[in-house]
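Chemist: Shown below is the structure under consideration.
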Amino acid sequence: MLNRVAVLSDIHGVLPALEAVLAEPDVRAAERIVLTGDIAAGPQPTEVLDLLMSLGDRVGWIAGNADRELLEHRRQTPASAPTPDPLTPWAADRLRPDHLDLLASLPRTLTLPVRGLGTVLFCHATPRDDEEVVLVDSRLERWQEVFTGLDDDIRTVVCGHTHMPFVRLAHGRLVVNPGSVGMPYGRPGAHWALLGPGTDLRHTPYDLEAAVRRLTRTSTYPDAAAWADYYLHARATDADALAAFGPRDGRTNTP
């Protein structure tokens, strides 16, 4: 049984944000760090992966849709669809063979026993799919749908993908979304969560202007300056994100 687990989601290749979270005392003290996907697809993909790999077995890794897309691009998986995001092929082309092997080995879900929360299932988007959308205000029927097939002893589900932190109950299960470390919507800074014995949504401020300058100087991504300015400053509001994601949770099909 683990006493403390730090959950980091949607880092998206932003090294200054990751460094700020890893420097937090509660992250340093946590018994495990769980990454709930979308780790490297961003302006500093190799730097982020190398730092996380250096932490060893203390880190539990889960693949997100963006991680899968990086791998598909490099390995030219026949079933993969072209991505509209120009950063994906750029980031994929910078990964070393050991990075690709790591991404290929990542599971879609991870379960861990956490004190006070029982058996916790960690995933990227939903337990069954790495791109499905569920939101803080998704209807209960939607949550019942995405929980289909889960063991009854899983009473806590931790997911990412939508870059907005929340905690809610759905059909007796506690759902935790830690928000995004590197690409937050609604509020700048790095968002993460601490589990055990309860749930604690955390926010780590860091020097955004210095981070934008650093990414602009060190990343060879052609649009690094504009990308960093937009995402690190969270210029997409939570209202913008909810409006964009809302139709994808099926709510437009309801009367």
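Every chain in the structure tokens takes a letter, A first, then B, and so on in the order presented; its residues are numbered from 1, and the ligands are numbered from 1 following the presented order.
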Skipping near chain neighbours, those fewer than 4 positions away, what residues fall within 7 Å of A:Met183 using only C-alpha atoms, listed as a list in words?

Modeler: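 With the cut-off at 7 Å, the set is Asp10, Ile11, His12, His163, Tyr231 and Leu232 of chain A.
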
Chemist: With only C-alpha atoms as the counted atoms, please give the residues lying no more than 8 Å from A:Val7, apart from itself and same-chain residues fewer than 5 positions off, as a list in words.

Modeler: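 Answer for this query is Ile33, Val34, Leu35, Thr36, Pro178, Trp192, Ala193, Leu194 and Leu195 of chain A.
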
Chemist: Neighbours of A:Gly42 within 12 Å (only C-alpha atoms; same-chain residues fewer than 2 positions away dropped), as a PyMOL selection string?

Modeler: chain A and resi 10-15+17+38-40+44-49+66-67+70+85-95+181-183+215+219-221+223-224+227-228+231-232

Chemist: With the cut-off set at 12 Å and counting only C-alpha atoms, tabulate each residue of stretch 128-147 of chain A with an atom at most that distance from an atom of stretch 98-114 of chain A, showing the nearest atom pair and its distance in Å to one decimal, ordered by chain and increasing number, as JSON lines.

Modeler:
{"residue": "A:Arg128", "atom": "CA", "partner": "A:Arg108", "partner_atom": "CA", "distance": 8.2}
{"residue": "A:Asp129", "atom": "CA", "partner": "A:Arg108", "partner_atom": "CA", "distance": 8.1}
{"residue": "A:Asp130", "atom": "CA", "partner": "A:Arg108", "partner_atom": "CA", "distance": 7.4}
{"residue": "A:Glu131", "atom": "CA", "partner": "A:Arg108", "partner_atom": "CA", "distance": 11.3}

Chemist: How would you write, as a ChimeraX atom specification, the set of residues in stretch 1-164 of chain A that DSSP gives as strand (DSSP E)?

Modeler: /A:5-8,32-36,59-62,109-114,118-123,154-158

Chemist: Would you mind exporting C-alpha atoms of the selected residues as a tab-separated table (two decimals), in the first residue's frame?

Modeler:
chain	number	residue	atom	x	y	z
A	5	VAL	CA	1.57	9.15	-5.11
A	6	ALA	CA	2.27	12.25	-7.21
A	7	VAL	CA	0.39	12.31	-10.51
A	8	LEU	CA	1.76	14.29	-13.45
A	32	ARG	CA	5.73	6.87	-6.66
A	33	ILE	CA	5.29	9.34	-9.51
A	34	VAL	CA	2.69	8.32	-12.07
A	35	LEU	CA	2.66	9.90	-15.53
A	36	THR	CA	-0.78	9.71	-17.09
A	59	VAL	CA	8.12	6.44	-12.05
A	60	GLY	CA	5.06	4.65	-13.40
A	61	TRP	CA	4.45	5.42	-17.06
A	62	ILE	CA	1.18	5.37	-19.05
A	109	THR	CA	-3.58	1.70	-17.73
A	110	LEU	CA	-1.89	1.12	-14.38
A	111	THR	CA	-3.38	0.08	-11.04
A	112	LEU	CA	-1.80	0.80	-7.67
A	113	PRO	CA	-3.00	0.45	-4.07
A	114	VAL	CA	-3.06	3.88	-2.40
A	118	GLY	CA	-7.93	1.60	-2.28
A	119	THR	CA	-7.12	0.25	-5.72
A	120	VAL	CA	-6.60	3.22	-8.02
A	121	LEU	CA	-6.74	2.90	-11.80
A	122	PHE	CA	-4.63	5.39	-13.74
A	123	CYS	CA	-5.30	6.06	-17.42
A	154	ILE	CA	-11.65	0.00	-8.42
A	155	ARG	CA	-13.21	2.91	-6.58
A	156	THR	CA	-10.87	5.68	-7.81
A	157	VAL	CA	-10.03	6.50	-11.43
A	158	VAL	CA	-7.32	9.02	-12.34

Chemist: Return as a ChimeraX atom specification the full set of residues in stretch 11-246 of chain A whose backbone-based DSSP assignment is helix (DSSP H, G or I).

Modeler: /A:15-22,25-29,45-53,56-58,65-75,87-92,97-105,140-146,208-218,224-232,238-246

Chemist: Do you know which residues are at most 12 Å from A:Leu169 counting only C-alpha atoms, after dropping those on the same chain fewer than 2 positions away, and could you put them as a JSON list (two decimals) with N, CA and C atoms, in the first residue's frame?

Modeler:
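For reference, part02.json as written:
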[["chain", "number", "residue", "atom", "x", "y", "z"],
["A", 135, "LEU", "N", -15.61, 15.01, -18.92],
["A", 135, "LEU", "CA", -15.38, 16.32, -18.32],
["A", 135, "LEU", "C", -16.02, 16.39, -16.94],
["A", 136, "VAL", "N", -15.71, 17.43, -16.22],
["A", 136, "VAL", "CA", -16.27, 17.58, -14.88],
["A", 136, "VAL", "C", -17.79, 17.60, -14.91],
["A", 137, "ASP", "N", -18.37, 18.11, -16.01],
["A", 137, "ASP", "CA", -19.83, 18.19, -16.09],
["A", 137, "ASP", "C", -20.43, 17.16, -17.05],
["A", 138, "SER", "N", -19.66, 16.12, -17.40],
["A", 138, "SER", "CA", -20.24, 15.05, -18.22],
["A", 138, "SER", "C", -21.36, 14.37, -17.45],
["A", 139, "ARG", "N", -22.40, 13.97, -18.17],
["A", 139, "ARG", "CA", -23.57, 13.38, -17.52],
["A", 139, "ARG", "C", -23.22, 12.00, -16.97],
["A", 140, "LEU", "N", -23.97, 11.55, -15.98],
["A", 140, "LEU", "CA", -23.68, 10.28, -15.33],
["A", 140, "LEU", "C", -23.76, 9.10, -16.29],
["A", 143, "TRP", "N", -20.40, 8.67, -17.83],
["A", 143, "TRP", "CA", -19.43, 8.03, -16.93],
["A", 143, "TRP", "C", -19.72, 6.54, -16.82],
["A", 144, "GLN", "N", -20.97, 6.16, -16.74],
["A", 144, "GLN", "CA", -21.31, 4.74, -16.68],
["A", 144, "GLN", "C", -20.80, 4.01, -17.92],
["A", 155, "ARG", "N", -12.32, 1.86, -7.03],
["A", 155, "ARG", "CA", -13.21, 2.91, -6.58],
["A", 155, "ARG", "C", -12.69, 4.31, -6.91],
["A", 156, "THR", "N", -11.45, 4.40, -7.43],
["A", 156, "THR", "CA", -10.87, 5.68, -7.81],
["A", 156, "THR", "C", -10.25, 5.54, -9.20],
["A", 157, "VAL", "N", -10.58, 6.48, -10.08],
["A", 157, "VAL", "CA", -10.03, 6.50, -11.43],
["A", 157, "VAL", "C", -9.34, 7.85, -11.63],
["A", 158, "VAL", "N", -8.09, 7.81, -12.08],
["A", 158, "VAL", "CA", -7.32, 9.02, -12.34],
["A", 158, "VAL", "C", -7.07, 9.11, -13.84],
["A", 166, "PHE", "N", -9.90, 18.50, -12.02],
["A", 166, "PHE", "CA", -11.17, 18.40, -11.29],
["A", 166, "PHE", "C", -11.18, 17.12, -10.45],
["A", 167, "VAL", "N", -12.07, 17.10, -9.46],
["A", 167, "VAL", "CA", -12.38, 15.91, -8.68],
["A", 167, "VAL", "C", -13.89, 15.82, -8.60],
["A", 171, "HIS", "N", -21.09, 7.57, -10.10],
["A", 171, "HIS", "CA", -21.52, 6.20, -9.81],
["A", 171, "HIS", "C", -20.68, 5.58, -8.68],
["A", 172, "GLY", "N", -20.45, 6.36, -7.66],
["A", 172, "GLY", "CA", -19.76, 5.87, -6.48],
["A", 172, "GLY", "C", -18.25, 5.81, -6.62],
["A", 173, "ARG", "N", -17.72, 6.12, -7.79],
["A", 173, "ARG", "CA", -16.27, 6.15, -7.98],
["A", 173, "ARG", "C", -15.78, 7.60, -7.93],
["A", 174, "LEU", "N", -14.64, 7.78, -7.30],
["A", 174, "LEU", "CA", -14.00, 9.08, -7.29],
["A", 174, "LEU", "C", -13.18, 9.22, -8.56],
["A", 175, "VAL", "N", -13.38, 10.32, -9.28],
["A", 175, "VAL", "CA", -12.63, 10.60, -10.50],
["A", 175, "VAL", "C", -11.74, 11.81, -10.27],
["A", 176, "VAL", "N", -10.46, 11.67, -10.59],
["A", 176, "VAL", "CA", -9.49, 12.73, -10.38],
["A", 176, "VAL", "C", -8.79, 13.03, -11.71],
["A", 177, "ASN", "N", -8.80, 14.30, -12.09],
["A", 177, "ASN", "CA", -8.00, 14.75, -13.23],
["A", 177, "ASN", "C", -7.03, 15.79, -12.70]]

Chemist: Have a look at A:Met1, A:Gly189, A:Pro222, A:Arg74 and name the one nearest to A:Leu208; count only C-alpha atoms.

Modeler: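 Comparing A:Met1, A:Gly189, A:Pro222, A:Arg74 against A:Leu208, the winner is A:Gly189.
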
Chemist: Would you write out, as a Markdown table, a table of all residues in stretch 127-209 of chain A that have an atom no more than 8 Å from an atom of stretch 235-241 of chain A, listing for each the closest atom pair and the distance in Å to one decimal, considering only C-alpha atoms and ordering rows by chain and rising residue number?

Modeler:
| residue | atom | partner | partner_atom | distance |
| --- | --- | --- | --- | --- |
| A:Thr162 | CA | A:Ala241 | CA | 7.9 |
| A:Met164 | CA | A:Asp238 | CA | 7.1 |
| A:Tyr185 | CA | A:Asp238 | CA | 5.4 |
| A:Gly186 | CA | A:Thr237 | CA | 3.9 |
| A:Arg187 | CA | A:Thr237 | CA | 7.3 |

Chemist: Please produce a file of the residues just selected, as a PDB file, in the first residue's frame, where the atoms kept are all heavy atoms.

Modeler:
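Heads up, here's the output in again.pdb:
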ATOM      1  N   THR A 162      -7.683  16.158 -20.885  1.00  0.00           N
ATOM      2  CA  THR A 162      -8.402  17.404 -21.165  1.00  0.00           C
ATOM      3  C   THR A 162      -7.728  18.647 -20.573  1.00  0.00           C
ATOM      4  O   THR A 162      -8.230  19.760 -20.773  1.00  0.00           O
ATOM      5  CB  THR A 162      -9.851  17.328 -20.659  1.00  0.00           C
ATOM      6  OG1 THR A 162      -9.853  17.085 -19.252  1.00  0.00           O
ATOM      7  CG2 THR A 162     -10.613  16.236 -21.384  1.00  0.00           C
ATOM      8  N   MET A 164      -7.561  20.046 -17.741  1.00  0.00           N
ATOM      9  CA  MET A 164      -8.275  20.853 -16.750  1.00  0.00           C
ATOM     10  C   MET A 164      -8.490  20.019 -15.491  1.00  0.00           C
ATOM     11  O   MET A 164      -9.076  18.941 -15.558  1.00  0.00           O
ATOM     12  CB  MET A 164      -9.620  21.323 -17.298  1.00  0.00           C
ATOM     13  CG  MET A 164      -9.506  22.318 -18.438  1.00  0.00           C
ATOM     14  SD  MET A 164     -11.114  22.730 -19.168  1.00  0.00           S
ATOM     15  CE  MET A 164     -11.483  21.202 -20.043  1.00  0.00           C
ATOM     16  N   TYR A 185      -5.023  24.636 -19.481  1.00  0.00           N
ATOM     17  CA  TYR A 185      -6.108  25.472 -19.985  1.00  0.00           C
ATOM     18  C   TYR A 185      -6.733  26.184 -18.790  1.00  0.00           C
ATOM     19  O   TYR A 185      -7.061  25.555 -17.779  1.00  0.00           O
ATOM     20  CB  TYR A 185      -7.178  24.637 -20.680  1.00  0.00           C
ATOM     21  CG  TYR A 185      -6.703  23.897 -21.906  1.00  0.00           C
ATOM     22  CD1 TYR A 185      -7.282  22.690 -22.282  1.00  0.00           C
ATOM     23  CD2 TYR A 185      -5.670  24.397 -22.712  1.00  0.00           C
ATOM     24  CE1 TYR A 185      -6.856  21.998 -23.408  1.00  0.00           C
ATOM     25  CE2 TYR A 185      -5.233  23.720 -23.836  1.00  0.00           C
ATOM     26  CZ  TYR A 185      -5.827  22.516 -24.183  1.00  0.00           C
ATOM     27  OH  TYR A 185      -5.406  21.836 -25.288  1.00  0.00           O
ATOM     28  N   GLY A 186      -6.906  27.481 -18.907  1.00  0.00           N
ATOM     29  CA  GLY A 186      -7.628  28.226 -17.884  1.00  0.00           C
ATOM     30  C   GLY A 186      -6.777  28.950 -16.874  1.00  0.00           C
ATOM     31  O   GLY A 186      -7.139  30.047 -16.434  1.00  0.00           O
ATOM     32  N   ARG A 187      -5.640  28.382 -16.474  1.00  0.00           N
ATOM     33  CA  ARG A 187      -4.798  29.039 -15.473  1.00  0.00           C
ATOM     34  C   ARG A 187      -3.345  28.660 -15.718  1.00  0.00           C
ATOM     35  O   ARG A 187      -3.017  27.476 -15.802  1.00  0.00           O
ATOM     36  CB  ARG A 187      -5.216  28.612 -14.058  1.00  0.00           C
ATOM     37  CG  ARG A 187      -4.366  29.262 -12.968  1.00  0.00           C
ATOM     38  CD  ARG A 187      -4.879  28.983 -11.570  1.00  0.00           C
ATOM     39  NE  ARG A 187      -4.826  27.569 -11.218  1.00  0.00           N
ATOM     40  CZ  ARG A 187      -4.934  27.112  -9.970  1.00  0.00           C
ATOM     41  NH1 ARG A 187      -5.138  27.953  -8.980  1.00  0.00           N
ATOM     42  NH2 ARG A 187      -4.892  25.819  -9.727  1.00  0.00           N
TER      43      ARG A 187
END

Chemist: I'd like the neighbourhood of A:Pro197 as a list in words, where a residue qualifies if any of its atoms comes within 9 Å (using only C-alpha atoms), though same-chain residues fewer than 3 positions away should be ignored.

Modeler: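 Selected residues are Asn3, Arg4, Val114, Arg115, Gly116 and Leu117 of chain A.
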
Chemist: Using atom CA of A:Gly160 and atom CA of A:Phe245 as the two end points, give the distance in Å to one decimal.

Modeler: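 Computing it gives 13.1 Å between the two atoms.
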
Chemist: Mind pulling up the distance from atom CA of A:Ala125 to atom CA of A:Pro205?

Modeler: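 It comes out at 24.9 Å.
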
Chemist: Which residue, A:Ala190, A:Glu24, A:Ala244, A:Asp249, has the smallest gap to A:Thr204 when you use only C-alpha atoms?

Modeler: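 So, comparing all the options, the nearest one is A:Ala190.
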